[in-house]
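The file work-v5.csv contains CSV, C-alpha atoms and all ligand atoms:
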chain,number,residue,atom,x,y,z
A,1,MET,CA,0.0,0.0,0.0
A,2,ASP,CA,1.3,3.5,-0.8
A,3,PHE,CA,2.3,6.0,1.8
A,4,LYS,CA,-0.5,8.5,1.0
A,5,THR,CA,-3.2,5.9,1.6
A,6,ASN,CA,-1.6,4.8,4.8
A,7,LEU,CA,-1.3,8.4,6.0
A,8,LYS,CA,-5.0,9.0,5.3
A,9,LYS,CA,-6.0,5.8,7.1
A,10,TYR,CA,-3.8,6.8,10.1
A,11,ALA,CA,-5.6,10.2,10.3
A,12,GLU,CA,-9.0,8.5,10.1
A,13,LEU,CA,-8.1,5.9,12.8
A,14,THR,CA,-6.8,8.6,15.1
A,15,LEU,CA,-10.0,10.6,14.8
A,16,LYS,CA,-12.5,7.7,14.8
A,17,VAL,CA,-11.0,5.3,17.3
A,18,GLY,CA,-8.5,7.5,19.2
A,19,LEU,CA,-10.5,10.6,19.9
A,20,ASN,CA,-13.9,9.3,18.6
A,21,LEU,CA,-14.6,12.8,17.4
A,22,GLN,CA,-18.2,13.8,17.6
A,23,LYS,CA,-20.2,16.0,15.2
A,24,GLY,CA,-20.1,19.7,16.3
A,25,GLN,CA,-17.1,19.1,18.6
A,26,THR,CA,-13.9,21.2,18.6
A,27,LEU,CA,-10.6,19.5,18.1
A,28,VAL,CA,-7.5,20.9,19.7
A,29,VAL,CA,-4.2,19.6,18.2
A,30,ASN,CA,-0.8,20.0,19.9
A,31,ALA,CA,1.8,19.4,17.3
A,32,PRO,CA,5.4,20.1,16.3
A,33,LEU,CA,5.9,22.0,13.0
A,34,THR,CA,7.6,19.0,11.5
A,35,SER,CA,4.2,17.1,11.6
A,36,ALA,CA,2.4,19.7,9.5
A,37,ASP,CA,1.6,17.3,6.7
A,38,PHE,CA,-0.1,14.9,9.0
A,39,VAL,CA,-1.9,17.7,10.9
A,40,ARG,CA,-3.4,18.9,7.6
A,41,LYS,CA,-4.7,15.4,6.9
A,42,ILE,CA,-6.1,15.3,10.4
A,43,THR,CA,-7.8,18.7,10.0
A,44,LYS,CA,-9.4,17.8,6.7
A,45,LYS,CA,-10.7,14.5,8.0
A,46,ALA,CA,-11.9,16.2,11.2
A,47,TYR,CA,-14.1,18.6,9.2
A,48,ASP,CA,-15.3,15.7,7.0
A,49,LEU,CA,-16.5,14.0,10.2
A,50,GLY,CA,-18.3,17.1,11.3
A,51,ALA,CA,-15.9,18.9,13.6
A,52,LYS,CA,-16.9,22.5,14.5
A,53,ASN,CA,-13.4,23.9,14.7
A,54,VAL,CA,-9.9,22.6,14.6
A,55,HIS,CA,-7.5,24.6,16.7
A,56,VAL,CA,-3.8,23.8,16.3
A,57,GLU,CA,-1.1,24.8,18.8
A,58,TRP,CA,2.2,24.6,17.0
A,59,HIS,CA,5.5,24.2,18.7
A,60,ASP,CA,9.0,23.9,17.4
A,61,GLU,CA,12.0,22.0,18.8
A,62,GLU,CA,14.6,24.5,17.3
A,63,LEU,CA,12.8,27.4,19.1
A,64,LYS,CA,12.8,25.3,22.3
A,65,LEU,CA,16.5,24.7,22.1
A,66,LEU,CA,17.2,28.4,21.3
A,67,LYS,CA,15.3,29.4,24.4
A,68,TYR,CA,17.0,26.9,26.7
A,69,LYS,CA,20.4,28.1,25.4
A,70,ASN,CA,19.8,31.8,25.4
A,71,ALA,CA,16.9,32.9,27.7
A,72,PRO,CA,17.6,34.3,31.2
A,73,GLU,CA,16.8,32.1,34.2
A,74,GLU,CA,13.5,34.0,34.9
A,75,ALA,CA,12.1,32.9,31.6
A,76,PHE,CA,11.7,29.4,32.8
A,77,LYS,CA,9.7,30.4,35.9
A,78,GLU,CA,6.8,31.9,33.9
A,79,PHE,CA,4.2,30.3,31.7
A,80,PRO,CA,1.7,32.2,29.6
A,81,GLU,CA,-1.4,32.3,31.7
A,82,TRP,CA,-3.7,32.9,28.7
A,83,LYS,CA,-2.6,29.6,27.3
A,84,ALA,CA,-3.3,27.6,30.4
A,85,LYS,CA,-6.7,29.4,30.7
A,86,GLY,CA,-7.4,28.8,27.1
A,87,PHE,CA,-6.9,25.0,27.4
A,88,GLU,CA,-9.0,24.9,30.5
A,89,GLN,CA,-11.8,26.8,28.7
A,90,MET,CA,-11.7,24.5,25.7
A,91,ALA,CA,-11.8,21.4,28.0
A,92,LYS,CA,-14.8,22.9,29.8
A,93,ASP,CA,-16.5,23.5,26.5
A,94,GLY,CA,-16.1,19.8,25.7
A,95,ALA,CA,-13.3,19.9,23.1
A,96,CYS,CA,-11.2,16.8,22.4
A,97,PHE,CA,-7.4,17.0,22.5
A,98,LEU,CA,-4.8,15.4,20.2
A,99,SER,CA,-1.1,15.5,21.0
A,100,ILE,CA,1.4,14.5,18.3
A,101,SER,CA,4.5,13.2,20.0
A,102,ALA,CA,7.5,13.6,17.6
A,103,SER,CA,10.7,14.6,19.1
A,104,ASN,CA,14.4,14.4,18.9
A,105,PRO,CA,15.4,12.2,21.8
A,106,ASP,CA,18.8,14.0,22.1
A,107,LEU,CA,17.6,17.5,21.6
A,108,LEU,CA,18.5,18.8,25.0
A,109,LYS,CA,21.5,16.7,25.8
A,110,ASP,CA,23.7,19.8,26.3
A,111,VAL,CA,21.2,21.8,28.2
A,112,ASP,CA,21.5,22.2,32.0
A,113,PRO,CA,19.0,19.7,33.5
A,114,LYS,CA,18.2,22.2,36.2
A,115,ARG,CA,16.8,24.6,33.5
A,116,ILE,CA,14.7,21.8,32.0
A,117,SER,CA,13.3,20.7,35.3
A,118,THR,CA,12.4,24.3,36.2
A,119,ALA,CA,10.6,24.8,32.9
A,120,GLN,CA,8.7,21.5,33.3
A,121,LYS,CA,7.7,22.2,36.8
A,122,THR,CA,6.4,25.7,35.8
A,123,ALA,CA,4.4,24.3,32.9
A,124,ALA,CA,3.0,21.4,35.0
A,125,LYS,CA,1.9,23.9,37.7
A,126,ALA,CA,0.3,26.2,35.2
A,127,MET,CA,-1.5,23.4,33.3
A,128,GLU,CA,-2.6,21.6,36.5
A,129,ALA,CA,-6.3,22.5,36.2
A,130,PHE,CA,-6.4,21.5,32.5
A,131,ARG,CA,-4.5,18.2,33.3
A,132,LYS,CA,-7.3,17.2,35.6
A,133,TYR,CA,-9.7,17.0,32.6
A,134,THR,CA,-7.4,14.5,30.9
A,135,GLN,CA,-6.2,12.6,34.0
A,136,ASN,CA,-9.8,12.0,35.1
A,137,SER,CA,-10.9,11.2,31.5
A,138,GLU,CA,-13.5,13.9,31.6
A,139,VAL,CA,-12.6,14.9,28.0
A,140,SER,CA,-11.5,12.7,25.1
A,141,TRP,CA,-7.7,12.9,24.4
A,142,ALA,CA,-5.2,10.9,22.4
A,143,VAL,CA,-1.5,10.8,21.8
A,144,VAL,CA,-0.1,9.6,18.4
A,145,SER,CA,3.3,9.8,16.8
A,146,VAL,CA,4.9,10.7,13.5
A,147,PRO,CA,8.6,10.4,12.6
A,148,THR,CA,11.1,13.3,12.7
A,149,LYS,CA,14.5,13.0,10.9
A,150,GLU,CA,16.4,13.1,14.2
A,151,TRP,CA,14.2,10.6,15.9
A,152,ALA,CA,14.3,8.2,12.9
A,153,GLN,CA,18.1,8.4,12.8
A,154,LYS,CA,18.3,7.6,16.5
A,155,VAL,CA,16.1,4.5,16.1
A,156,TYR,CA,17.8,3.3,12.9
A,157,PRO,CA,21.4,4.6,12.9
A,158,ASN,CA,22.5,2.3,10.2
A,159,LEU,CA,20.1,3.7,7.6
A,160,ASN,CA,20.5,7.0,5.8
A,161,GLU,CA,18.2,9.8,6.8
A,162,LYS,CA,15.6,9.2,4.1
A,163,GLU,CA,15.5,5.5,4.6
A,164,SER,CA,15.3,5.8,8.3
A,165,VAL,CA,12.3,8.1,8.1
A,166,GLU,CA,10.6,5.6,5.7
A,167,LYS,CA,11.4,2.7,8.0
A,168,LEU,CA,10.0,4.5,11.1
A,169,TRP,CA,6.8,5.4,9.2
A,170,GLU,CA,6.5,1.7,8.2
A,171,SER,CA,7.0,0.6,11.8
A,172,ILE,CA,4.4,3.1,13.1
A,173,PHE,CA,1.9,2.0,10.4
A,174,SER,CA,2.4,-1.6,11.3
A,175,ILE,CA,2.3,-1.1,15.1
A,176,VAL,CA,-0.9,0.9,15.0
A,177,ARG,CA,-2.4,-1.6,12.5
A,178,VAL,CA,-2.8,1.0,9.8
A,179,ASP,CA,-1.2,-1.5,7.3
A,180,LYS,CA,-4.2,-3.9,7.8
A,181,ASN,CA,-7.2,-3.8,5.4
A,182,ASN,CA,-9.5,-2.5,8.0
A,183,PRO,CA,-7.6,-0.9,10.9
A,184,ILE,CA,-10.8,0.1,12.7
A,185,ASP,CA,-12.0,-3.5,12.9
A,186,GLU,CA,-8.5,-4.6,14.0
A,187,TRP,CA,-8.7,-2.1,16.8
A,188,LYS,CA,-12.1,-3.4,17.9
A,189,LYS,CA,-10.6,-6.9,18.2
A,190,HIS,CA,-7.6,-5.6,20.0
A,191,LEU,CA,-9.6,-3.6,22.5
A,192,SER,CA,-11.7,-6.5,23.3
A,193,THR,CA,-8.6,-8.7,24.0
A,194,LEU,CA,-7.4,-6.0,26.4
A,195,LYS,CA,-10.8,-5.9,28.1
A,196,GLU,CA,-10.6,-9.6,28.8
A,197,LYS,CA,-7.4,-9.1,30.8
A,198,VAL,CA,-8.9,-6.1,32.6
A,199,THR,CA,-12.0,-8.0,33.6
A,200,TYR,CA,-9.9,-11.0,34.9
A,201,LEU,CA,-7.7,-8.7,37.0
A,202,ASN,CA,-10.6,-6.6,38.3
A,203,THR,CA,-12.4,-9.8,39.4
A,204,LYS,CA,-9.2,-11.1,41.1
A,205,GLN,CA,-8.6,-7.9,43.1
A,206,TYR,CA,-5.0,-9.0,44.0
A,207,LYS,CA,-3.9,-7.2,47.1
A,208,LYS,CA,-0.2,-7.5,46.3
A,209,LEU,CA,2.0,-8.0,43.2
A,210,HIS,CA,5.5,-9.4,43.5
A,211,TYR,CA,8.0,-8.7,40.7
A,212,LYS,CA,11.0,-10.9,40.1
A,213,ALA,CA,13.7,-10.5,37.4
A,214,PRO,CA,17.4,-10.0,37.3
A,215,GLY,CA,18.1,-6.8,39.3
A,216,THR,CA,14.4,-6.6,40.3
A,217,ASP,CA,12.7,-7.9,43.5
A,218,LEU,CA,9.8,-5.6,44.3
A,219,THR,CA,6.5,-5.9,46.1
A,220,VAL,CA,3.6,-3.5,45.3
A,221,LYS,CA,0.4,-3.4,47.2
A,222,LEU,CA,-2.8,-2.5,45.4
A,223,PRO,CA,-5.6,-0.5,47.1
A,224,LYS,CA,-9.0,-1.9,47.9
A,225,ASN,CA,-11.4,-1.5,45.0
A,226,HIS,CA,-8.6,-0.7,42.6
A,227,ILE,CA,-9.6,-0.6,38.9
A,228,TRP,CA,-7.5,-2.0,36.1
A,229,ILE,CA,-8.0,0.0,32.9
A,230,GLY,CA,-6.9,-0.9,29.4
A,231,GLY,CA,-7.8,-0.1,25.8
A,232,ASP,CA,-10.6,2.4,25.7
A,233,GLU,CA,-12.2,4.5,28.4
A,234,ALA,CA,-15.4,6.6,28.5
A,235,ASN,CA,-15.3,10.4,29.0
A,236,SER,CA,-17.7,12.2,31.3
A,237,LYS,CA,-20.3,12.2,28.5
A,238,GLY,CA,-20.0,8.4,28.0
A,239,ILE,CA,-18.1,8.6,24.7
A,240,ASN,CA,-15.4,6.0,24.4
A,241,PHE,CA,-11.9,7.1,23.4
A,242,VAL,CA,-8.4,5.5,23.2
A,243,ALA,CA,-5.8,7.8,24.9
A,244,ASN,CA,-2.7,6.2,23.4
A,245,MET,CA,-2.2,4.8,20.0
A,246,PRO,CA,-0.5,2.4,20.2
A,247,THR,CA,-1.7,0.9,23.5
A,248,GLU,CA,-0.9,-2.5,24.7
A,249,GLU,CA,-1.0,-1.9,28.5
A,250,VAL,CA,-3.5,-2.6,31.3
A,251,PHE,CA,-2.8,-0.5,34.3
A,252,THR,CA,-3.9,0.4,37.8
A,253,VAL,CA,-2.6,2.3,40.9
A,254,PRO,CA,-0.3,1.1,43.7
A,255,ILE,CA,-0.8,2.2,47.3
A,256,ARG,CA,1.7,5.0,47.5
A,257,HIS,CA,3.4,4.0,50.7
A,258,SER,CA,3.3,0.2,50.1
A,259,VAL,CA,6.1,-0.4,47.5
A,260,ASN,CA,9.2,-2.2,48.8
A,261,GLY,CA,12.4,-3.5,47.2
A,262,THR,CA,14.4,-2.7,44.1
A,263,VAL,CA,13.6,-2.4,40.4
A,264,THR,CA,15.9,-2.2,37.4
A,265,SER,CA,15.1,-0.5,34.1
A,266,THR,CA,15.2,-2.5,30.9
A,267,LYS,CA,14.9,0.3,28.3
A,268,PRO,CA,16.3,3.8,28.1
A,269,LEU,CA,13.9,6.5,29.2
A,270,ASN,CA,13.6,9.7,27.2
A,271,TYR,CA,12.7,12.4,29.7
A,272,GLY,CA,12.2,15.9,28.4
A,273,GLY,CA,14.8,15.6,25.7
A,274,ASN,CA,17.4,13.7,27.7
A,275,LEU,CA,18.0,9.9,28.0
A,276,ILE,CA,18.3,8.1,31.3
A,277,GLU,CA,19.8,4.6,30.9
A,278,ASP,CA,20.4,1.5,33.0
A,279,PHE,CA,18.9,2.8,36.2
A,280,LYS,CA,17.9,1.3,39.4
A,281,LEU,CA,15.4,2.5,42.0
A,282,THR,CA,15.1,1.3,45.6
A,283,PHE,CA,11.8,1.8,47.5
A,284,LYS,CA,11.1,1.7,51.2
A,285,ASP,CA,7.5,2.1,52.3
A,286,GLY,CA,6.7,3.5,48.9
A,287,LYS,CA,9.4,6.1,48.8
A,288,ILE,CA,12.4,6.1,46.5
A,289,THR,CA,15.3,6.0,49.0
A,290,ASP,CA,18.1,5.2,46.7
A,291,PHE,CA,18.8,5.4,42.9
A,292,SER,CA,21.6,5.0,40.4
A,293,ALA,CA,21.9,5.4,36.6
A,294,GLU,CA,24.7,4.5,34.2
A,295,LYS,CA,23.7,7.5,32.1
A,296,GLY,CA,21.5,10.6,32.8
A,297,TYR,CA,21.9,10.4,36.6
A,298,GLU,CA,21.3,14.2,37.0
A,299,THR,CA,18.2,14.0,34.8
A,300,LEU,CA,16.8,11.1,36.9
A,301,LYS,CA,17.6,13.0,40.1
A,302,ASN,CA,15.7,16.1,38.8
A,303,LEU,CA,12.8,13.9,37.9
A,304,ILE,CA,12.6,12.2,41.3
A,305,GLU,CA,13.0,15.6,43.0
A,306,THR,CA,10.3,17.4,41.1
A,307,ASP,CA,8.1,17.3,44.3
A,308,GLU,CA,7.1,15.0,47.1
A,309,GLY,CA,4.9,12.9,44.9
A,310,SER,CA,7.6,12.2,42.4
A,311,HIS,CA,9.4,10.1,45.1
A,312,TYR,CA,6.5,7.6,44.9
A,313,LEU,CA,4.9,5.4,42.2
A,314,GLY,CA,1.6,6.3,40.6
A,315,GLU,CA,1.1,3.6,38.0
A,316,VAL,CA,1.5,-0.1,37.7
A,317,ALA,CA,1.2,-1.3,34.0
A,318,LEU,CA,1.3,-4.8,32.5
A,319,VAL,CA,2.4,-5.4,28.9
A,320,PRO,CA,3.3,-8.8,27.6
A,321,HIS,CA,6.8,-9.3,26.2
A,322,ASN,CA,5.2,-10.8,23.0
A,323,SER,CA,3.3,-7.6,22.2
A,324,PRO,CA,3.6,-6.5,18.6
A,325,ILE,CA,5.9,-3.5,19.5
A,326,SER,CA,8.1,-5.7,21.6
A,327,LYS,CA,8.5,-8.2,18.8
A,328,THR,CA,10.0,-5.5,16.6
A,329,ASP,CA,12.9,-5.7,19.0
A,330,THR,CA,13.6,-2.0,18.6
A,331,ILE,CA,14.2,0.7,21.1
A,332,PHE,CA,12.2,3.6,20.0
A,333,TYR,CA,13.5,6.3,22.5
A,334,ASN,CA,9.9,7.5,22.7
A,335,THR,CA,7.8,6.5,25.7
A,336,LEU,CA,4.6,6.1,23.7
A,337,PHE,CA,6.2,3.1,22.0
A,338,ASP,CA,8.6,1.8,24.6
A,339,GLU,CA,6.1,1.7,27.4
A,340,ASN,CA,3.8,-0.3,25.2
A,341,ALA,CA,6.5,-2.9,24.6
A,342,SER,CA,7.2,-3.5,28.3
A,343,CYS,CA,5.8,-3.7,31.7
A,344,HIS,CA,6.3,-0.4,33.4
A,345,PHE,CA,5.7,1.8,36.4
A,346,ALA,CA,5.3,5.6,36.6
A,347,VAL,CA,6.8,7.8,39.1
A,348,GLY,CA,4.4,10.6,40.1
A,349,SER,CA,0.7,11.1,39.9
A,350,ALA,CA,-1.8,8.3,39.7
A,351,TYR,CA,-4.8,8.2,37.4
A,352,PRO,CA,-7.7,8.8,39.9
A,353,THR,CA,-10.0,6.7,37.7
A,354,CYS,CA,-8.1,3.6,38.8
A,355,VAL,CA,-10.0,3.6,42.1
A,356,GLU,CA,-13.7,3.6,42.7
A,357,ASN,CA,-15.0,7.2,42.8
A,358,GLY,CA,-11.4,8.5,42.4
A,359,ALA,CA,-12.4,11.1,39.8
A,360,LYS,CA,-14.6,12.8,42.3
A,361,MET,CA,-11.8,13.0,45.0
A,362,ASP,CA,-9.6,16.1,45.6
A,363,LYS,CA,-5.9,15.8,46.2
A,364,GLU,CA,-6.2,15.4,50.0
A,365,GLU,CA,-8.8,12.6,49.7
A,366,LEU,CA,-6.7,10.8,47.1
A,367,LYS,CA,-3.6,11.0,49.4
A,368,GLU,CA,-5.7,9.7,52.3
A,369,LYS,CA,-6.7,6.7,50.2
A,370,GLY,CA,-3.0,6.1,49.4
A,371,ILE,CA,-3.3,7.3,45.8
A,372,ASN,CA,-0.3,9.3,44.8
A,373,VAL,CA,-0.5,13.0,43.7
A,374,SER,CA,2.3,14.8,41.9
A,375,LEU,CA,3.0,17.5,39.3
A,376,THR,CA,4.7,14.8,37.2
A,377,HIS,CA,3.9,11.4,35.7
A,378,VAL,CA,6.6,9.6,33.9
A,379,ASP,CA,6.5,6.0,32.8
A,380,PHE,CA,9.7,3.9,32.9
A,381,MET,CA,10.2,0.4,31.5
A,382,ILE,CA,11.1,-2.7,33.6
A,383,GLY,CA,9.7,-5.6,31.5
A,384,SER,CA,11.7,-8.3,29.9
A,385,ASN,CA,11.4,-12.0,29.0
A,386,LYS,CA,12.8,-12.8,32.4
A,387,LEU,CA,10.1,-11.0,34.4
A,388,ASP,CA,7.8,-13.1,36.7
A,389,ILE,CA,5.0,-11.5,38.6
A,390,ASP,CA,2.9,-13.2,41.3
A,391,GLY,CA,-0.4,-12.0,42.6
A,392,GLU,CA,-1.5,-12.4,46.1
A,393,THR,CA,-5.3,-12.9,46.6
A,394,SER,CA,-7.2,-11.4,49.6
A,395,ASP,CA,-7.0,-14.8,51.3
A,396,GLY,CA,-3.3,-15.0,50.8
A,397,LYS,CA,-3.1,-17.4,47.9
A,398,ILE,CA,-0.2,-16.8,45.5
A,399,GLU,CA,-1.1,-17.0,41.8
A,400,ALA,CA,1.0,-16.5,38.6
A,401,VAL,CA,0.2,-13.3,36.7
A,402,PHE,CA,3.2,-13.1,34.4
A,403,ARG,CA,5.8,-15.8,33.6
A,404,LYS,CA,8.9,-15.1,31.5
A,405,GLY,CA,7.5,-11.7,30.5
A,406,ASN,CA,4.1,-12.9,29.3
A,407,TRP,CA,0.6,-13.3,30.7
A,408,ALA,CA,0.3,-16.5,32.8
A,409,PHE,CA,-3.5,-16.7,32.4
A,501,ZN,ZN,1.4,3.3,31.2
A,502,ZN,ZN,1.7,6.4,32.4
Conversion result in structure tokens:
Amino acid sequence: MDFKTNLKKYAELTLKVGLNLQKGQTLVVNAPLTSADFVRKITKKAYDLGAKNVHVEWHDEELKLLKYKNAPEEAFKEFPEWKAKGFEQMAKDGACFLSISASNPDLLKDVDPKRISTAQKTAAKAMEAFRKYTQNSEVSWAVVSVPTKEWAQKVYPNLNEKESVEKLWESIFSIVRVDKNNPIDEWKKHLSTLKEKVTYLNTKQYKKLHYKAPGTDLTVKLPKNHIWIGGDEANSKGINFVANMPTEEVFTVPIRHSVNGTVTSTKPLNYGGNLIEDFKLTFKDGKITDFSAEKGYETLKNLIETDEGSHYLGEVALVPHNSPISKTDTIFYNTLFDENASCHFAVGSAYPTCVENGAKMDKEELKEKGINVSLTHVDFMIGSNKLDIDGETSDGKIEAVFRKGNWAF
């Protein structure tokens, strides 16, 4: 199939399955300039499907780098309030939100990590009210990716620039099933498979998970009435959407102060334009008490020290090692892909929808229930074909959940 057809199918899939765009709805797109072609396809298709308005927020990596290198310190402590307010207003009015994740994994490698963490903290604080709409699934939102030259070269260093971009497009089309005859039907099947796992785990209500792999021995307690989520979710109007494309994970929340032991990363983590590699975290009563990294230690340190909540876990996600992305045996240096190829955790905030009535609770109530709250939420990968996970039932029985990196049921 030719590239143009695939690109059109990808836009259609994003709008119909990812966002499930409704007639008369406004679509807000967050996108880098490099994705302009795809954004134009999205926009055309959105109007075809009856969108009222398509609003695009462009950003540019070159400008970002110029700012990090040249702007005075104070610049990173302010965030345009009109922008935060605008997003809040559009969410309140029922818009849906698409983010296009396409970045150069090494963009900020020479920038002082302190500057980056200040900027990220400032943005997170300013956008906190808006983020509630997405974290509580009140509005439909989705993240998809398109290649950039720098990203493609990082993933496929042995190909020339043009070939690497083509290869990355090919991989993305295949991973999101766009290369299939009817991607929308394929997604229906895929979502129902994820639902089976979700239903099984929700019925089991394991009180504890025990992770074992080389460099990993960790126990994670799960709260009473925790909810596993995977595939699609319903927004506050009951419209189903798929927040990540691809998505291969089912996830829930840990009890913030009941994580103990050590976990070792299995893939590099791209955090805000810097890579953190081969790192290890040690937890005591939920808190990260020790950590090390072969590469990107300062970046990891800044991430963990974002606020109090970033010292704790907020997400427990299960992804089989034989998932389609994992089978490509490629490191994508992009969390959207790498997290869907590997079991992972997130440091930082939990999705409140993972506990009964969680979306209605404020920060204090969530904390009281043992659900983590933070300005940040960053997934990191710990899955491999050597990972075993046991689940402990409420009456203390130990059952296999994962064996050698794959579902045991
Ligand atoms: Zn996740
Ligand atoms: Zn996550």
Exercise. So how many Å separate atom CA of Asn372 of chain A and atom CA of Ile255 of chain A, to one decimal?
Worked result: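 Result for atom CA of Asn372 of chain A versus atom CA of Ile255 of chain A: 7.5 Å, one decimal.
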For this session: Please identify all polymer residues lying at most 9 Å from the point (23.0, -0.9, 26.6) (file coordinates), using all atoms listed in the file, and present the result as a PyMOL selection string.
Result: chain A and resi 267-268+277-278
For this session: Set the cut-off to 8 Å, count all atoms listed in the file, and list whatever residues fall near ligand ZN 502 (chain A) as a list in words.
Result: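 My answer, listing the contacting residues, is Glu315, Ala317, Phe345, Ala346, His377, Val378 and Asp379 of chain A.
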Using C-alpha atoms, can you export the residues from the last selection as an mmCIF file, in the coordinates of the input?
data_model
loop_
_atom_site.group_PDB
_atom_site.id
_atom_site.type_symbol
_atom_site.label_atom_id
_atom_site.label_comp_id
_atom_site.auth_asym_id
_atom_site.auth_seq_id
_atom_site.Cartn_x
_atom_site.Cartn_y
_atom_site.Cartn_z
ATOM 1 C CA GLU A 315 1.100 3.600 38.000
ATOM 2 C CA ALA A 317 1.200 -1.300 34.000
ATOM 3 C CA PHE A 345 5.700 1.800 36.400
ATOM 4 C CA ALA A 346 5.300 5.600 36.600
ATOM 5 C CA HIS A 377 3.900 11.400 35.700
ATOM 6 C CA VAL A 378 6.600 9.600 33.900
ATOM 7 C CA ASP A 379 6.500 6.000 32.800
#
Exercise. Just how far from atom CA of Phe332 of chain A is atom CA of Val155 of chain A, in Å to one decimal?
Worked result: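 Separation between atom CA of Val155 of chain A and atom CA of Phe332 of chain A: 5.6 Å.
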For this session: Using all atoms listed in the file, find the one residue out of A:Ile239, A:Ala11, A:Ile371, A:Leu65 that sits nearest to Ser145 of chain A.
Result: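 For Ser145 of chain A, the nearest of the given residues is A:Ala11.
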For this session: Produce as an MDAnalysis selection string the set of residues near ligand ZN 501 (chain A), where near means within 12 Å with all atoms listed in the file considered.
Result: chainID A and resid 228:231 243:253 313:319 335:351 377:382
For this session: Using all atoms listed in the file, give me every residue within 8 Å of (-12.0, 14.5, 15.7) in file coordinates, as a ChimeraX atom specification.
Result: /A:14-16,19-22,25-27,42,45-47,49,51,96
Those residues you just picked out, can you put them in a file as an mmCIF file, keeping the file's coordinate frame with C-alpha atoms?
data_model
loop_
_atom_site.group_PDB
_atom_site.id
_atom_site.type_symbol
_atom_site.label_atom_id
_atom_site.label_comp_id
_atom_site.auth_asym_id
_atom_site.auth_seq_id
_atom_site.Cartn_x
_atom_site.Cartn_y
_atom_site.Cartn_z
ATOM 1 C CA THR A 14 -6.800 8.600 15.100
ATOM 2 C CA LEU A 15 -10.000 10.600 14.800
ATOM 3 C CA LYS A 16 -12.500 7.700 14.800
ATOM 4 C CA LEU A 19 -10.500 10.600 19.900
ATOM 5 C CA ASN A 20 -13.900 9.300 18.600
ATOM 6 C CA LEU A 21 -14.600 12.800 17.400
ATOM 7 C CA GLN A 22 -18.200 13.800 17.600
ATOM 8 C CA GLN A 25 -17.100 19.100 18.600
ATOM 9 C CA THR A 26 -13.900 21.200 18.600
ATOM 10 C CA LEU A 27 -10.600 19.500 18.100
ATOM 11 C CA ILE A 42 -6.100 15.300 10.400
ATOM 12 C CA LYS A 45 -10.700 14.500 8.000
ATOM 13 C CA ALA A 46 -11.900 16.200 11.200
ATOM 14 C CA TYR A 47 -14.100 18.600 9.200
ATOM 15 C CA LEU A 49 -16.500 14.000 10.200
ATOM 16 C CA ALA A 51 -15.900 18.900 13.600
ATOM 17 C CA CYS A 96 -11.200 16.800 22.400
#
Exercise. In Å to one decimal, how far is atom CA of Tyr133 of chain A from atom CA of Leu300 of chain A?
Worked result: 27.5 Å
Problem set entry | Ser310 of chain A surroundings by all atoms listed in the file, 7 Å radius, close-in-sequence under 2 positions cut, as a count of residues only | 10
Problem set entry | Given all atoms listed in the file as the counted atoms, nearest of A:Ala102, A:Ala126, A:Leu222, A:Leu366 to Val165 of chain A |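 Ranked by minimum distance to Val165 of chain A, first place goes to A:Ala102.
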Problem set entry | Residue nearest Lys188 of chain A - candidates A:Asn274, A:Asn235, A:Asn334, A:Asn240, atoms counted: all atoms listed in the file |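 Among A:Asn274, A:Asn235, A:Asn334, A:Asn240, it is A:Asn240 that comes nearest to Lys188 of chain A.
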Exercise. Counting only C-alpha atoms, what is within 12 Å of Gly86 of chain A, bar same-chain residues fewer than 4 positions away, as a PyMOL selection string?
Worked result: chain A and resi 28+55+57+80-82+90-93+95+126-127+129-130
Exercise. Quick one: of A:Leu7, A:Ile276, A:Ala408, A:Ala152, who's nearest to Lys109 of chain A, counting all atoms listed in the file?
Worked result: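 For Lys109 of chain A, the nearest of the given residues is A:Ile276.
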For this session: Tell me which of A:Ser140, A:Asn225, A:Thr148, A:Thr34 sits closest to Glu161 of chain A, counting only C-alpha atoms.
Result: A:Thr148
Problem set entry | Among the residues A:Gly18, A:Gly286, A:Gly272, A:Gly309, the one that comes closest to Leu375 of chain A [using only C-alpha atoms] |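 The closest residue to Leu375 of chain A is A:Gly309.
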Please list as a PDB file with C-alpha atoms, keeping the file's coordinate frame every residue within 8 Å of Gly261 of chain A, counting only C-alpha atoms and excluding residues in the same chain fewer than 6 positions away.
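Below is the file around_5.pdb, written as the result:
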ATOM      1  CA  THR A 216      14.400  -6.600  40.300  1.00  0.00           C
ATOM      2  CA  ASP A 217      12.700  -7.900  43.500  1.00  0.00           C
ATOM      3  CA  LEU A 218       9.800  -5.600  44.300  1.00  0.00           C
ATOM      4  CA  THR A 219       6.500  -5.900  46.100  1.00  0.00           C
ATOM      5  CA  THR A 282      15.100   1.300  45.600  1.00  0.00           C
ATOM      6  CA  PHE A 283      11.800   1.800  47.500  1.00  0.00           C
ATOM      7  CA  LYS A 284      11.100   1.700  51.200  1.00  0.00           C
TER       8      LYS A 284
END
